[in-house]
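Quick look at data.cif (mmCIF, C-alpha atoms and all ligand atoms):
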```
data_input
loop_
_atom_site.label_atom_id
_atom_site.label_comp_id
_atom_site.auth_asym_id
_atom_site.auth_seq_id
_atom_site.Cartn_x
_atom_site.Cartn_y
_atom_site.Cartn_z
CA MET Q 8 0.00 0.00 0.00
CA TRP Q 9 0.98 3.62 -0.15
CA VAL Q 10 1.06 6.06 2.72
CA TYR Q 11 0.52 9.74 2.05
CA GLU Q 12 2.79 12.39 3.46
CA LYS Q 13 1.24 15.82 3.72
CA LYS Q 14 4.20 17.51 2.06
CA LEU Q 15 5.82 17.73 -1.35
CA GLN Q 16 9.05 15.93 -2.17
CA TYR Q 17 10.59 19.27 -3.15
CA PRO Q 18 9.30 22.80 -2.58
CA ALA Q 19 7.38 23.65 -5.76
CA LYS Q 20 7.88 27.35 -6.24
CA VAL Q 21 6.71 29.85 -8.83
CA SER Q 22 7.50 33.58 -8.86
CA LYS Q 23 4.32 34.70 -10.61
CA LYS Q 24 1.01 33.78 -12.20
CA ASP Q 25 1.75 32.53 -15.71
CA PRO Q 26 -0.99 30.70 -17.69
CA ARG Q 27 1.39 30.28 -20.63
CA MET Q 28 3.83 28.21 -18.57
CA ALA Q 29 0.89 26.34 -16.98
CA LYS Q 30 -0.20 25.29 -20.45
CA TYR Q 31 3.28 23.98 -21.28
CA LEU Q 32 3.77 22.31 -17.90
CA ILE Q 33 0.52 20.38 -18.07
CA THR Q 34 2.37 18.35 -20.65
CA GLN Q 35 4.43 16.64 -17.92
CA TYR Q 36 1.13 15.75 -16.25
CA GLY Q 37 -0.49 13.92 -19.17
CA VAL Q 38 1.96 13.10 -21.99
CA PRO Q 39 3.38 9.67 -22.92
CA ASP Q 40 6.60 10.33 -21.00
CA GLY Q 41 5.17 12.57 -18.29
CA GLU Q 42 5.00 11.81 -14.60
CA LEU Q 43 1.63 10.00 -14.64
CA ALA Q 44 2.76 7.73 -17.46
CA ALA Q 45 6.06 7.08 -15.67
CA ALA Q 46 4.43 6.17 -12.35
CA LEU Q 47 1.85 3.88 -13.95
CA ARG Q 48 4.38 2.30 -16.32
CA TYR Q 49 6.91 1.33 -13.65
CA LEU Q 50 4.42 0.31 -10.98
CA ASN Q 51 2.64 -1.90 -13.51
CA GLN Q 52 5.84 -3.50 -14.82
CA ARG Q 53 7.17 -4.45 -11.38
CA TYR Q 54 4.95 -7.54 -11.17
CA THR Q 55 6.73 -9.30 -14.00
CA MET Q 56 10.31 -8.19 -13.33
CA PRO Q 57 12.51 -11.28 -12.89
CA THR Q 58 15.14 -10.09 -10.39
CA ARG Q 59 14.84 -8.63 -6.90
CA GLN Q 60 16.79 -5.54 -7.93
CA ALA Q 61 14.58 -4.85 -10.95
CA LYS Q 62 11.41 -5.29 -8.86
CA ALA Q 63 12.70 -2.85 -6.25
CA VAL Q 64 13.82 -0.28 -8.84
CA CYS Q 65 10.42 -0.32 -10.61
CA ASN Q 66 8.60 -0.13 -7.28
CA ASP Q 67 10.65 2.71 -5.82
CA ILE Q 68 11.06 4.85 -8.92
CA GLY Q 69 7.34 4.39 -9.67
CA THR Q 70 6.60 5.67 -6.20
CA GLU Q 71 8.91 8.66 -6.59
CA GLU Q 72 7.17 9.52 -9.88
CA LEU Q 73 3.89 9.88 -7.96
CA ALA Q 74 5.63 12.53 -5.87
CA HIS Q 75 6.75 14.26 -9.08
CA LEU Q 76 3.19 14.15 -10.41
CA GLU Q 77 2.14 16.06 -7.30
CA ILE Q 78 4.90 18.64 -7.84
CA ILE Q 79 3.80 19.24 -11.46
CA ALA Q 80 0.17 19.53 -10.36
CA THR Q 81 1.17 22.05 -7.70
CA LEU Q 82 3.13 24.12 -10.22
CA VAL Q 83 0.21 24.18 -12.68
CA TYR Q 84 -2.24 25.03 -9.88
CA LYS Q 85 -0.05 27.93 -8.74
CA LEU Q 86 0.66 29.23 -12.25
CA LEU Q 87 -3.11 29.34 -12.98
CA LYS Q 88 -4.15 30.79 -9.64
CA GLY Q 89 -6.01 34.06 -10.14
CA ALA Q 90 -5.85 33.91 -13.93
CA THR Q 91 -8.84 35.62 -15.58
CA LEU Q 92 -10.82 34.03 -18.38
CA GLU Q 93 -9.26 36.57 -20.76
CA GLU Q 94 -5.78 35.52 -19.69
CA LEU Q 95 -6.67 31.84 -20.19
CA LYS Q 96 -8.07 32.54 -23.65
CA ALA Q 97 -4.98 34.56 -24.58
CA VAL Q 98 -2.83 31.42 -24.23
CA ASP Q 99 -5.40 29.22 -25.92
CA LEU Q 100 -6.69 27.64 -22.70
CA GLY Q 101 -10.28 28.62 -23.58
CA GLY Q 102 -11.07 25.04 -24.53
CA HIS Q 103 -9.58 23.79 -21.28
CA TYR Q 104 -11.69 26.33 -19.38
CA ALA Q 105 -14.89 25.18 -21.12
CA GLU Q 106 -14.25 21.57 -20.05
CA HIS Q 107 -12.45 21.93 -16.74
CA ASP Q 108 -12.51 25.57 -15.58
CA ARG Q 109 -9.23 25.85 -13.63
CA ALA Q 110 -9.22 22.20 -12.61
CA LEU Q 111 -6.27 20.07 -13.58
CA PHE Q 112 -6.68 17.34 -16.13
CA TYR Q 113 -4.42 14.67 -17.60
CA THR Q 114 -3.78 16.09 -21.05
CA ASP Q 115 -0.86 17.20 -23.14
CA ALA Q 116 -0.23 20.86 -23.97
CA THR Q 117 -2.73 20.74 -26.84
CA GLY Q 118 -5.52 19.11 -24.83
CA ASN Q 119 -5.19 15.46 -25.88
CA PRO Q 120 -6.20 13.27 -22.96
CA TRP Q 121 -3.84 10.75 -21.37
CA THR Q 122 -4.37 7.21 -22.58
CA ALA Q 123 -3.06 3.79 -21.50
CA THR Q 124 -1.80 3.24 -25.04
CA TYR Q 125 1.01 5.69 -24.17
CA ILE Q 126 2.72 3.06 -22.06
CA GLN Q 127 3.87 -0.50 -22.61
CA ALA Q 128 4.20 -3.72 -20.71
CA LYS Q 129 5.77 -6.36 -22.93
CA GLY Q 130 6.38 -8.78 -20.10
CA ASP Q 131 9.92 -9.12 -21.47
CA PRO Q 132 12.14 -7.44 -18.87
CA LEU Q 133 14.79 -6.42 -21.40
CA ALA Q 134 12.21 -4.70 -23.60
CA ASP Q 135 10.45 -3.11 -20.63
CA LEU Q 136 13.61 -1.77 -18.98
CA HIS Q 137 14.82 -0.35 -22.29
CA GLU Q 138 11.46 1.39 -22.63
CA ASP Q 139 11.86 2.81 -19.13
CA MET Q 140 15.31 4.15 -19.92
CA ALA Q 141 14.04 5.77 -23.12
CA ALA Q 142 11.11 7.30 -21.20
CA GLU Q 143 13.52 8.85 -18.68
CA GLN Q 144 15.59 10.39 -21.48
CA LYS Q 145 12.49 11.81 -23.16
CA ALA Q 146 11.26 13.26 -19.87
CA ARG Q 147 14.70 14.83 -19.34
CA ALA Q 148 14.58 16.41 -22.80
CA THR Q 149 11.10 17.86 -22.14
CA TYR Q 150 12.29 19.34 -18.85
CA GLU Q 151 15.16 21.02 -20.68
CA TRP Q 152 12.74 22.66 -23.13
CA LEU Q 153 10.50 23.73 -20.24
CA ILE Q 154 13.51 25.19 -18.38
CA ASN Q 155 14.38 27.26 -21.48
CA GLU Q 156 10.80 28.54 -21.71
CA ALA Q 157 10.65 29.40 -18.01
CA HIS Q 158 13.83 31.51 -18.03
CA ASP Q 159 12.11 34.61 -16.56
CA ASP Q 160 10.87 32.72 -13.48
CA PRO Q 161 13.90 31.63 -11.39
CA ASP Q 162 11.75 29.79 -8.82
CA LEU Q 163 10.05 27.71 -11.49
CA VAL Q 164 13.40 26.99 -13.13
CA ASP Q 165 14.76 25.75 -9.79
CA THR Q 166 11.90 23.27 -9.37
CA LEU Q 167 12.16 22.07 -12.98
CA ARG Q 168 15.92 21.57 -12.59
CA PHE Q 169 15.27 19.29 -9.63
CA LEU Q 170 12.82 17.21 -11.68
CA ARG Q 171 15.23 17.08 -14.63
CA GLU Q 172 18.03 15.82 -12.38
CA ARG Q 173 15.84 13.02 -11.04
CA GLU Q 174 15.23 11.73 -14.58
CA VAL Q 175 19.00 11.43 -15.00
CA VAL Q 176 19.29 9.43 -11.77
CA HIS Q 177 16.32 7.20 -12.72
CA PHE Q 178 17.94 6.48 -16.10
CA GLN Q 179 21.10 5.41 -14.28
CA ARG Q 180 19.22 3.09 -11.88
CA PHE Q 181 17.16 1.49 -14.67
CA GLY Q 182 20.41 0.87 -16.54
CA GLU Q 183 21.83 -0.90 -13.48
CA ALA Q 184 18.62 -2.93 -13.13
CA LEU Q 185 18.97 -3.92 -16.79
CA ASN Q 186 22.56 -5.10 -16.19
CA ASN Q 187 21.34 -7.08 -13.20
CA VAL Q 188 18.72 -8.83 -15.36
CA TYR Q 189 21.40 -9.68 -17.98
CA GLU Q 190 23.78 -11.00 -15.31
CA GLU Q 191 21.13 -13.19 -13.69
CA ALA Q 192 20.14 -14.59 -17.09
CA GLN Q 193 23.83 -15.32 -17.79
CA ARG Q 194 24.31 -17.04 -14.43
CA ARG Q 195 21.31 -19.24 -14.93
CA ARG Q 196 22.71 -20.35 -18.27
CA ILE Q 197 26.05 -21.33 -16.67
CA PHE Q 198 24.83 -23.21 -13.58
CA MET S 12 2.66 29.00 7.34
CA SER S 13 5.12 30.48 9.84
CA HIS S 14 8.79 30.94 9.04
CA ASP S 15 9.75 28.31 11.64
CA GLN S 16 7.31 25.73 10.29
CA LEU S 17 8.51 26.28 6.74
CA ALA S 18 12.15 26.01 7.80
CA LEU S 19 11.49 22.67 9.52
CA LEU S 20 9.56 21.43 6.48
CA HIS S 21 12.50 22.34 4.23
CA GLU S 22 14.84 20.46 6.54
CA ILE S 23 12.62 17.37 6.40
CA GLN S 24 12.45 17.60 2.61
CA ALA S 25 16.24 17.76 2.39
CA VAL S 26 16.81 14.75 4.67
CA GLU S 27 14.05 12.73 3.04
CA PHE S 28 15.54 13.49 -0.36
CA ALA S 29 18.83 11.98 0.82
CA CYS S 30 16.89 8.89 1.96
CA ILE S 31 15.10 8.54 -1.39
CA ASP S 32 18.30 8.88 -3.38
CA LEU S 33 20.16 6.41 -1.13
CA GLN S 34 17.25 3.96 -1.33
CA LEU S 35 17.37 3.91 -5.14
CA TYR S 36 21.15 3.49 -5.01
CA LEU S 37 20.91 0.64 -2.50
CA ASP S 38 18.32 -1.11 -4.67
CA THR S 39 21.06 -1.75 -7.23
CA HIS S 40 24.05 -1.76 -4.78
CA PRO S 41 22.66 -3.83 -1.89
CA ASP S 42 26.15 -4.74 -0.57
CA ASP S 43 27.43 -1.17 -0.21
CA HIS S 44 28.10 -0.79 3.52
CA ARG S 45 28.87 2.92 3.38
CA ALA S 46 25.65 3.76 1.55
CA LEU S 47 23.74 1.64 4.06
CA ALA S 48 25.34 3.50 6.98
CA ASP S 49 24.46 6.83 5.33
CA TYR S 50 20.90 5.63 4.79
CA ASN S 51 20.48 4.67 8.44
CA ALA S 52 21.98 7.95 9.65
CA GLN S 53 19.62 9.98 7.45
CA ALA S 54 16.63 7.79 8.34
CA GLN S 55 17.26 8.38 12.04
CA LYS S 56 17.56 12.11 11.47
CA MET S 57 14.34 12.11 9.46
CA ALA S 58 12.43 10.25 12.17
CA SER S 59 13.36 12.81 14.82
CA LEU S 60 12.62 15.79 12.54
CA LYS S 61 9.22 14.36 11.63
CA ALA S 62 8.36 13.66 15.26
CA GLU S 63 9.27 17.26 16.10
CA TYR S 64 7.14 18.55 13.21
CA ALA S 65 4.13 16.41 14.14
CA GLU S 66 4.36 17.51 17.76
CA ARG S 67 4.49 21.21 16.87
CA TYR S 68 2.28 21.48 13.78
CA GLY S 69 0.20 18.32 13.43
CA PRO S 70 0.78 15.05 11.63
CA LEU S 71 2.59 14.77 8.30
CA MET S 72 1.37 11.19 7.89
CA HIS S 73 -2.01 9.52 8.15
CA PHE S 74 -3.42 6.02 8.66
CA GLY S 75 -1.89 5.63 12.10
CA HIS S 76 1.72 6.26 11.16
CA GLU S 77 1.86 9.14 13.61
CA PRO S 78 -0.11 9.78 16.79
CA ALA S 79 -2.49 12.76 16.55
CA GLY S 80 -3.39 15.30 19.23
CA TYR S 81 -6.75 16.94 19.93
CA ALA S 82 -8.31 18.40 17.81
CA TRP S 83 -7.84 16.32 14.64
CA ALA S 84 -5.30 18.48 12.78
CA TRP S 85 -5.00 16.38 9.61
CA VAL S 86 -7.77 18.42 7.99
CA HIS S 87 -6.00 21.71 8.66
CA GLU S 88 -4.75 23.78 5.77
CA PRO S 89 -2.45 24.35 4.08
CA TRP S 90 -2.31 21.23 1.96
CA PRO S 91 1.02 20.73 0.14
CA TRP S 92 -0.10 22.52 -3.02
CA GLU S 93 -1.29 25.54 -1.02
CA ILE S 94 2.02 26.32 0.67
CA ALA S 95 3.97 29.40 -0.43
CA TYR S 96 7.45 27.86 -0.18
FE FE J 201 11.69 9.60 -13.70
#
```

Rewrite the structure of this file - the entire thing - as structure tokens.
Amino acid sequence: MWVYEKKLQYPAKVSKKDPRMAKYLITQYGVPDGELAAALRYLNQRYTMPTRQAKAVCNDIGTEELAHLEIIATLVYKLLKGATLEELKAVDLGGHYAEHDRALFYTDATGNPWTATYIQAKGDPLADLHEDMAAEQKARATYEWLINEAHDDPDLVDTLRFLREREVVHFQRFGEALNNVYEEAQRRRIF
Amino acid sequence: MSHDQLALLHEIQAVEFACIDLQLYLDTHPDDHRALADYNAQAQKMASLKAEYAERYGPLMHFGHEPAGYAWAWVHEPWPWEIAY
């Protein structure tokens, strides 16, 4: 089970209201390689991982991704806080307003809803761990674009840098889990 | 949220971050004694910081993981997304 802690993993800060950045950031909420997809992908794959290390890595990184999902949601919530309908329309969030008002929703930056077809579970640990590593690299790349866009908000940049750094660490750990799966397969062939 | 409460929260976040990062490392380096010692040192620090926080400001955790005083403070604001960090 999961236990909630009434705190964020990292202080999610923004310097100002900014519906434009909210619109871009929502992408990490509901895209194929965003935080929701990451959490659901890893937590779902852990059941069929063959080694104890790979199970633990999928379990623990999947759990950390849930904390990142909450940070992204907090950033979007804060960036939209107090935005007028005119300000939402000006950044093309009129459609979002019509459906959701200022509520969050799992979509990409252009409004496409999140779907389970974004993620995979092949049941083959080599294929699944390679997918996880690719997902971490794509999430890192998106964070870099978001950091460039957010250059006039140092607080937002700080939070995004933290999230970017975590993708690099996750990539590293998935790579080690992949090696562990290879080694175990090798050992079984020898003995 | 008062300056003191926020400062303690930041401290907890920093220590917990160390624990998370060490946990992921230990998952793929389970025989690393130094990392394990670091993990236990940080975990101990986190436990005492969280106990101090819960005592002063109300529980950070639910479902019986921390004792709660009267009145039930879990419902108190701010929730994590409402805090001006
Ligand atoms: Fe990640």

>> Which residues are near ligand FE 201 (chain J) in this structure, taking near to mean any atom at most 10 Å from a ligand atom and counting only C-alpha atoms and all ligand atoms? Format them as a ChimeraX atom specification.
In response: /Q:40-42,44-46,49,68-73,75,139-140,142-147,170-178,181

Residues of chain Q within 10 Å of chain S, counting all atoms listed in the file, as a PDB file with C-alpha atoms, in the coordinates of the input:
```
ATOM      1  CA  VAL Q  10       1.060   6.060   2.720  1.00  0.00           C
ATOM      2  CA  TYR Q  11       0.520   9.740   2.050  1.00  0.00           C
ATOM      3  CA  GLU Q  12       2.790  12.390   3.460  1.00  0.00           C
ATOM      4  CA  LYS Q  13       1.240  15.820   3.720  1.00  0.00           C
ATOM      5  CA  LYS Q  14       4.200  17.510   2.060  1.00  0.00           C
ATOM      6  CA  LEU Q  15       5.820  17.730  -1.350  1.00  0.00           C
ATOM      7  CA  GLN Q  16       9.050  15.930  -2.170  1.00  0.00           C
ATOM      8  CA  TYR Q  17      10.590  19.270  -3.150  1.00  0.00           C
ATOM      9  CA  PRO Q  18       9.300  22.800  -2.580  1.00  0.00           C
ATOM     10  CA  ALA Q  19       7.380  23.650  -5.760  1.00  0.00           C
ATOM     11  CA  LYS Q  20       7.880  27.350  -6.240  1.00  0.00           C
ATOM     12  CA  VAL Q  21       6.710  29.850  -8.830  1.00  0.00           C
ATOM     13  CA  ARG Q  59      14.840  -8.630  -6.900  1.00  0.00           C
ATOM     14  CA  GLN Q  60      16.790  -5.540  -7.930  1.00  0.00           C
ATOM     15  CA  ALA Q  61      14.580  -4.850 -10.950  1.00  0.00           C
ATOM     16  CA  LYS Q  62      11.410  -5.290  -8.860  1.00  0.00           C
ATOM     17  CA  ALA Q  63      12.700  -2.850  -6.250  1.00  0.00           C
ATOM     18  CA  VAL Q  64      13.820  -0.280  -8.840  1.00  0.00           C
ATOM     19  CA  CYS Q  65      10.420  -0.320 -10.610  1.00  0.00           C
ATOM     20  CA  ASN Q  66       8.600  -0.130  -7.280  1.00  0.00           C
ATOM     21  CA  ASP Q  67      10.650   2.710  -5.820  1.00  0.00           C
ATOM     22  CA  ILE Q  68      11.060   4.850  -8.920  1.00  0.00           C
ATOM     23  CA  GLU Q  71       8.910   8.660  -6.590  1.00  0.00           C
ATOM     24  CA  GLU Q  77       2.140  16.060  -7.300  1.00  0.00           C
ATOM     25  CA  ILE Q  78       4.900  18.640  -7.840  1.00  0.00           C
ATOM     26  CA  ILE Q  79       3.800  19.240 -11.460  1.00  0.00           C
ATOM     27  CA  ALA Q  80       0.170  19.530 -10.360  1.00  0.00           C
ATOM     28  CA  THR Q  81       1.170  22.050  -7.700  1.00  0.00           C
ATOM     29  CA  LEU Q  82       3.130  24.120 -10.220  1.00  0.00           C
ATOM     30  CA  VAL Q  83       0.210  24.180 -12.680  1.00  0.00           C
ATOM     31  CA  TYR Q  84      -2.240  25.030  -9.880  1.00  0.00           C
ATOM     32  CA  LYS Q  85      -0.050  27.930  -8.740  1.00  0.00           C
ATOM     33  CA  ASP Q 162      11.750  29.790  -8.820  1.00  0.00           C
ATOM     34  CA  ARG Q 173      15.840  13.020 -11.040  1.00  0.00           C
ATOM     35  CA  VAL Q 176      19.290   9.430 -11.770  1.00  0.00           C
ATOM     36  CA  HIS Q 177      16.320   7.200 -12.720  1.00  0.00           C
ATOM     37  CA  GLN Q 179      21.100   5.410 -14.280  1.00  0.00           C
ATOM     38  CA  ARG Q 180      19.220   3.090 -11.880  1.00  0.00           C
ATOM     39  CA  PHE Q 181      17.160   1.490 -14.670  1.00  0.00           C
ATOM     40  CA  GLY Q 182      20.410   0.870 -16.540  1.00  0.00           C
ATOM     41  CA  GLU Q 183      21.830  -0.900 -13.480  1.00  0.00           C
ATOM     42  CA  ALA Q 184      18.620  -2.930 -13.130  1.00  0.00           C
ATOM     43  CA  ASN Q 186      22.560  -5.100 -16.190  1.00  0.00           C
ATOM     44  CA  ASN Q 187      21.340  -7.080 -13.200  1.00  0.00           C
TER      45      ASN Q 187
END
```

> So what do you get for atom CA of Tyr104 of chain Q versus atom CA of Arg48 of chain Q, distance-wise?
Replying inline: 29.1 Å

>> When you count all atoms listed in the file, which of these residues is closest to Lys61 of chain S: S:Glu77, S:Asp43, S:Asp15, S:Glu88?
In response: S:Glu77

> atom CA of Ala65 of chain S to atom CA of Tyr81 of chain S: how many Å, to one decimal?
Replying inline: 12.3 Å

> From the list S:Leu19, S:Ala84, S:Asp49, S:Asp42, which residue is nearest Glu63 of chain S when using only C-alpha atoms?
Replying inline: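 The closest residue to Glu63 of chain S is S:Leu19.
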
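Using only C-alpha atoms, the residues found no farther than 8 Å from Cys30 of chain S, other than those of its own chain fewer than 6 positions away, are S:Tyr50, S:Gln53, S:Ala54.
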
> Smallest atom-to-atom distance to Arg67 of chain S: which of S:Gln16, S:Val86, S:Glu22, S:Ala52, using only C-alpha atoms?
Replying inline: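 Nearest to Arg67 of chain S: S:Gln16.
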
>> So, with all atoms listed in the file as the atoms that count, which of S:Tyr68, S:Ala29, S:Leu47, S:Lys56 lies closest to Trp83 of chain S?
In response: S:Tyr68

> Pick from Q:Gln35, Q:Ser22, Q:Gln127, Q:Gln193: nearest to Thr149 of chain Q, with all atoms listed in the file counted?
Replying inline: Q:Gln35

Just add N, CA and C atoms to segment 14-38 of chain Q and send it as a compact mmCIF listing (two decimals), keeping the file's coordinate frame.
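And here is the file that came out, selection-v3.txt:
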```txt
# COMPACT_ATOMS: atom_id res chain seq x y z
N LYS Q 14 3.10 16.63 2.45
CA LYS Q 14 4.20 17.51 2.06
C LYS Q 14 4.63 17.14 0.64
N LEU Q 15 5.27 18.07 -0.04
CA LEU Q 15 5.82 17.73 -1.35
C LEU Q 15 7.22 17.16 -1.19
N GLN Q 16 7.68 16.43 -2.21
CA GLN Q 16 9.05 15.93 -2.17
C GLN Q 16 10.06 17.08 -2.23
N TYR Q 17 9.69 18.12 -2.96
CA TYR Q 17 10.59 19.27 -3.15
C TYR Q 17 9.71 20.52 -3.18
N PRO Q 18 10.16 21.61 -2.57
CA PRO Q 18 9.30 22.80 -2.58
C PRO Q 18 9.01 23.31 -3.99
N ALA Q 19 7.77 23.22 -4.42
CA ALA Q 19 7.38 23.65 -5.76
C ALA Q 19 7.09 25.13 -5.73
N LYS Q 20 8.00 25.90 -6.32
CA LYS Q 20 7.88 27.35 -6.24
C LYS Q 20 7.63 27.97 -7.61
N VAL Q 21 6.80 29.01 -7.64
CA VAL Q 21 6.71 29.85 -8.83
C VAL Q 21 6.80 31.31 -8.37
N SER Q 22 7.34 32.17 -9.23
CA SER Q 22 7.50 33.58 -8.86
C SER Q 22 6.26 34.39 -9.19
N LYS Q 23 5.45 33.89 -10.14
CA LYS Q 23 4.32 34.70 -10.61
C LYS Q 23 3.26 33.83 -11.28
N LYS Q 24 2.07 34.41 -11.41
CA LYS Q 24 1.01 33.78 -12.20
C LYS Q 24 1.46 33.75 -13.66
N ASP Q 25 1.26 32.63 -14.33
CA ASP Q 25 1.75 32.53 -15.71
C ASP Q 25 1.00 31.42 -16.46
N PRO Q 26 -0.19 31.73 -16.99
CA PRO Q 26 -0.99 30.70 -17.69
C PRO Q 26 -0.25 30.08 -18.87
N ARG Q 27 0.65 30.82 -19.49
CA ARG Q 27 1.39 30.28 -20.63
C ARG Q 27 2.27 29.10 -20.17
N MET Q 28 3.00 29.30 -19.08
CA MET Q 28 3.83 28.21 -18.57
C MET Q 28 2.97 27.06 -18.04
N ALA Q 29 1.80 27.39 -17.47
CA ALA Q 29 0.89 26.34 -16.98
C ALA Q 29 0.50 25.43 -18.14
N LYS Q 30 0.21 26.06 -19.26
CA LYS Q 30 -0.20 25.29 -20.45
C LYS Q 30 0.91 24.35 -20.92
N TYR Q 31 2.16 24.84 -20.88
CA TYR Q 31 3.28 23.98 -21.28
C TYR Q 31 3.54 22.88 -20.25
N LEU Q 32 3.44 23.26 -18.97
CA LEU Q 32 3.77 22.31 -17.90
C LEU Q 32 2.79 21.16 -17.80
N ILE Q 33 1.53 21.42 -18.17
CA ILE Q 33 0.52 20.38 -18.07
C ILE Q 33 0.97 19.15 -18.87
N THR Q 34 1.87 19.43 -19.82
CA THR Q 34 2.37 18.35 -20.65
C THR Q 34 3.06 17.27 -19.81
N GLN Q 35 3.77 17.66 -18.75
CA GLN Q 35 4.43 16.64 -17.92
C GLN Q 35 3.43 15.92 -17.02
N TYR Q 36 2.19 16.39 -17.01
CA TYR Q 36 1.13 15.75 -16.25
C TYR Q 36 0.53 14.61 -17.09
N GLY Q 37 0.29 14.88 -18.38
CA GLY Q 37 -0.49 13.92 -19.17
C GLY Q 37 0.08 13.48 -20.50
N VAL Q 38 1.40 13.61 -20.71
CA VAL Q 38 1.96 13.10 -21.99
C VAL Q 38 2.51 11.68 -21.84
```
